[in-house]
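*Asks:* Supplied in structure tokens, the structure appears directly below.
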Amino acid sequence: MKDEKAVAARTAEGQPRALSVSSFRPHPSSFVLIGFMGSGKSSVGRRLASALRLPFIDLDSDIEKAAGMRISQIFAAIGEAEFRRCETEALRIVLGKPAVISSGGGLVTREENRALLRTAAQNGSHIVYLRAQADTLAGRIRRQPGTRPLIDGHDTPLDMEATRKRVRELLAERAAWYEDCATLTIDTDRLRADGVVSEIVRRLGENRNNQS
Ligand code: S3P
């Protein structure tokens, strides 16, 4: 075995073989997916994690498991402020880990979270903003009624027009925060989850080539 290695390290002429690092896998990074409700963070996150062979962490699911309640129940029973506190705590625990982390759409509303994301980006994490138009998001949100307390409240789900209006208002408040925190922005309106993953991987490769 030792001899085989020694032989492989030499050319047929007995000269030391030139080392190639092109096949080295990069150090596993942390990817945080940010974006509005309905932007596909969870479905893209799961697929991206599998493509990059990294663990997948879904912050909302982790909070639901810890609380033993759905997000809508947490908002109704305990309130948004306590949910936001847990969200920051959960973010602090997972940030920087080699994993794909999907976050809740409101993560960027807290300055503390934005600062955490900025620091993570400086330390090499990729903060990926899945961007979409308000009407695209509203259409996707309406397909999962009753799961977004900030859109539907706790009663009857809004109709399509009212959903569009609410999404436009909230997106107008948040859009600049998503843009500011992102190290990579992907326009997802015309893409399915697999297409978004391919685009993320392609753009990361492009950025790496531009840096080298
Ligand atoms: C929220 C988004 C939700 C969830 C909560 C609040 C928001 O996550 O965290 O309902 O403020 O935008 P998704 O973006 O996964 O729907």
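Lettering and numbering for the structure tokens are positional, with chains as A, B, ... in the shown order, residues counted from 1 in each chain, and ligands counted from 1 in the shown order.
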Which parts of region 25-210 of chain A does DSSP call alpha helix (DSSP H) when run on the backbone here, written out as a PyMOL selection string?

*Replies:* chain A and resi 41-52+59-67+71-77+80-94+111-122+134-142+149-152+160-181+193-210

*Asks:* Contacts of region 63-76 of chain A at 9 Å or less, counting only C-alpha atoms, minus same-chain residues fewer than 6 places along, as a compact mmCIF listing (two decimals) with N, CA and C atoms, in the first residue's frame?

*Replies:*
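Output contents, as saved in result23.txt:
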# COMPACT_ATOMS: atom_id res chain seq x y z
N GLU A 82 -42.40 37.01 21.41
CA GLU A 82 -41.72 35.84 21.98
C GLU A 82 -41.20 34.93 20.86
N PHE A 83 -41.98 34.83 19.79
CA PHE A 83 -41.52 34.05 18.62
C PHE A 83 -40.21 34.64 18.09
N CYS A 86 -37.23 33.77 20.25
CA CYS A 86 -36.79 32.38 20.00
C CYS A 86 -36.06 32.27 18.67
N GLU A 87 -36.55 33.02 17.67
CA GLU A 87 -35.96 32.96 16.34
C GLU A 87 -34.49 33.42 16.39
N ALA A 90 -32.43 30.77 18.15
CA ALA A 90 -32.20 29.64 17.24
C ALA A 90 -31.14 30.00 16.20
N GLY A 146 -53.75 29.60 6.06
CA GLY A 146 -53.75 29.35 7.50
C GLY A 146 -52.39 29.09 8.11
N THR A 147 -51.32 29.15 7.30
CA THR A 147 -50.00 28.85 7.87
C THR A 147 -49.19 30.12 8.15
N ARG A 148 -49.68 31.28 7.64
CA ARG A 148 -48.91 32.52 7.80
C ARG A 148 -49.72 33.54 8.62
N PRO A 149 -49.52 33.54 9.94
CA PRO A 149 -50.33 34.44 10.78
C PRO A 149 -50.19 35.92 10.42
N LEU A 150 -49.03 36.31 9.87
CA LEU A 150 -48.87 37.73 9.54
C LEU A 150 -49.63 38.12 8.29
N GLY A 153 -53.76 36.52 9.80
CA GLY A 153 -54.22 36.72 11.16
C GLY A 153 -54.62 35.37 11.73
N HIS A 154 -55.55 35.36 12.66
CA HIS A 154 -55.91 34.09 13.29
C HIS A 154 -57.28 33.61 12.85

*Asks:* Quick one, how far is CA of Ala99 (chain A) from CA of Arg174 (chain A)?

*Replies:*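 So the answer is 25.0 Å.
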
*Asks:* Which residues come within 8 Å of Val32 (chain A), counting only C-alpha atoms, excluding same-chain residues fewer than 6 positions away, as a PyMOL selection string?

*Replies:* chain A and resi 100-103+125-128

*Asks:* Write to file, as a short mmCIF file (atom, residue, chain, number, x, y, z; two decimals), in the first residue's frame, the residues of the selection just made, with N, CA and C atoms.

*Replies:*
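After the write, selection_37.cif holds the following:
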data_model
loop_
_atom_site.label_atom_id
_atom_site.label_comp_id
_atom_site.auth_asym_id
_atom_site.auth_seq_id
_atom_site.Cartn_x
_atom_site.Cartn_y
_atom_site.Cartn_z
N VAL A 100 -27.07 23.94 5.47
CA VAL A 100 -27.97 24.85 4.77
C VAL A 100 -29.10 25.16 5.75
N ILE A 101 -29.27 26.45 6.02
CA ILE A 101 -30.23 26.89 7.03
C ILE A 101 -31.34 27.67 6.35
N SER A 102 -32.57 27.20 6.49
CA SER A 102 -33.65 28.03 5.93
C SER A 102 -34.30 28.79 7.07
N SER A 103 -34.55 30.09 6.83
CA SER A 103 -35.02 30.96 7.90
C SER A 103 -36.47 31.37 7.65
N SER A 125 -19.85 32.80 5.45
CA SER A 125 -21.16 32.19 5.18
C SER A 125 -21.77 32.83 3.95
N HIS A 126 -22.58 32.06 3.25
CA HIS A 126 -23.32 32.58 2.09
C HIS A 126 -24.73 32.92 2.55
N ILE A 127 -25.14 34.15 2.34
CA ILE A 127 -26.51 34.55 2.71
C ILE A 127 -27.26 34.70 1.39
N VAL A 128 -28.13 33.76 1.11
CA VAL A 128 -28.76 33.69 -0.22
C VAL A 128 -30.19 34.21 -0.14
#

*Asks:* When you count only C-alpha atoms and all ligand atoms, which of these residues is closest to ligand 1: A:Leu91, A:Leu59, A:Ala193, A:Leu54?

*Replies:*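 Comparing A:Leu91, A:Leu59, A:Ala193, A:Leu54 against ligand 1, the winner is A:Leu59.
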
*Asks:* Do a neighbour search on region 161-171 of chain A at 7 Å with only C-alpha atoms, toss out local chain neighbours closer than 6 positions, and write the hits as a list in words.

*Replies:*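 What passes the distance filter is Ala134, Asp135, Ala138 and Ile151 of chain A.
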
*Asks:* Residues up to 6 Å from ligand 1, counting only C-alpha atoms and all ligand atoms: could you list those as a list in words?

*Replies:*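 The residues within 6 Å of ligand 1, counting only C-alpha atoms and all ligand atoms, are Phe36, Met37, Gly38, Asp60, Ile71, Gly104, Gly105, Gly106, Arg148 and Pro149 of chain A.
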
*Asks:* Given only C-alpha atoms as the basis, pick out the residue of A:Leu130, A:Ala121, A:Ile93, A:Ile57 nearest to Gly195 (chain A).

*Replies:*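 Smallest separation from Gly195 (chain A) among the options: A:Leu130.
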
*Asks:* Need to verify the contact set: Asp194 (chain A), 9 Å, only C-alpha atoms, exclusion of same-chain residues closer than 2 positions in sequence. Can you return it as a list of chain:residue names?

*Replies:*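 The residues satisfying every condition are A:Ser43, A:Val44, A:Arg47, A:Leu48, A:Leu191, A:Arg192, A:Val196, A:Val197, A:Ser198, A:Glu199.
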
*Asks:* Can you list every residue in region 14-180 of chain A that DSSP puts in strand (DSSP E or B), as a ChimeraX atom specification?

*Replies:* /A:16,31-34,56-58,100-102,126-131

*Asks:* Go through A:Ile200, A:Cys181, A:Met160, A:Ala12 and flag the residue nearest Thr119 (chain A), using only C-alpha atoms for the distances.

*Replies:* A:Cys181

*Asks:* Have a look at A:Glu111, A:Thr183, A:Gly139, A:Leu158 and name the one nearest to Asn123 (chain A); count only C-alpha atoms.

*Replies:*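 Ranking A:Glu111, A:Thr183, A:Gly139, A:Leu158 by distance to Asn123 (chain A), first place goes to A:Thr183.
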
*Asks:* Gln133 (chain A): which residues within 9 Å, counting only C-alpha atoms, same-chain residues fewer than 6 positions away excluded, as a PyMOL selection string?

*Replies:* chain A and resi 168+187-189

*Asks:* Quote the spacing between CA of Ile78 (chain A) and CA of Pro55 (chain A) in Å to one decimal place.

*Replies:*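 Distance between the two atoms: 29.8 Å.
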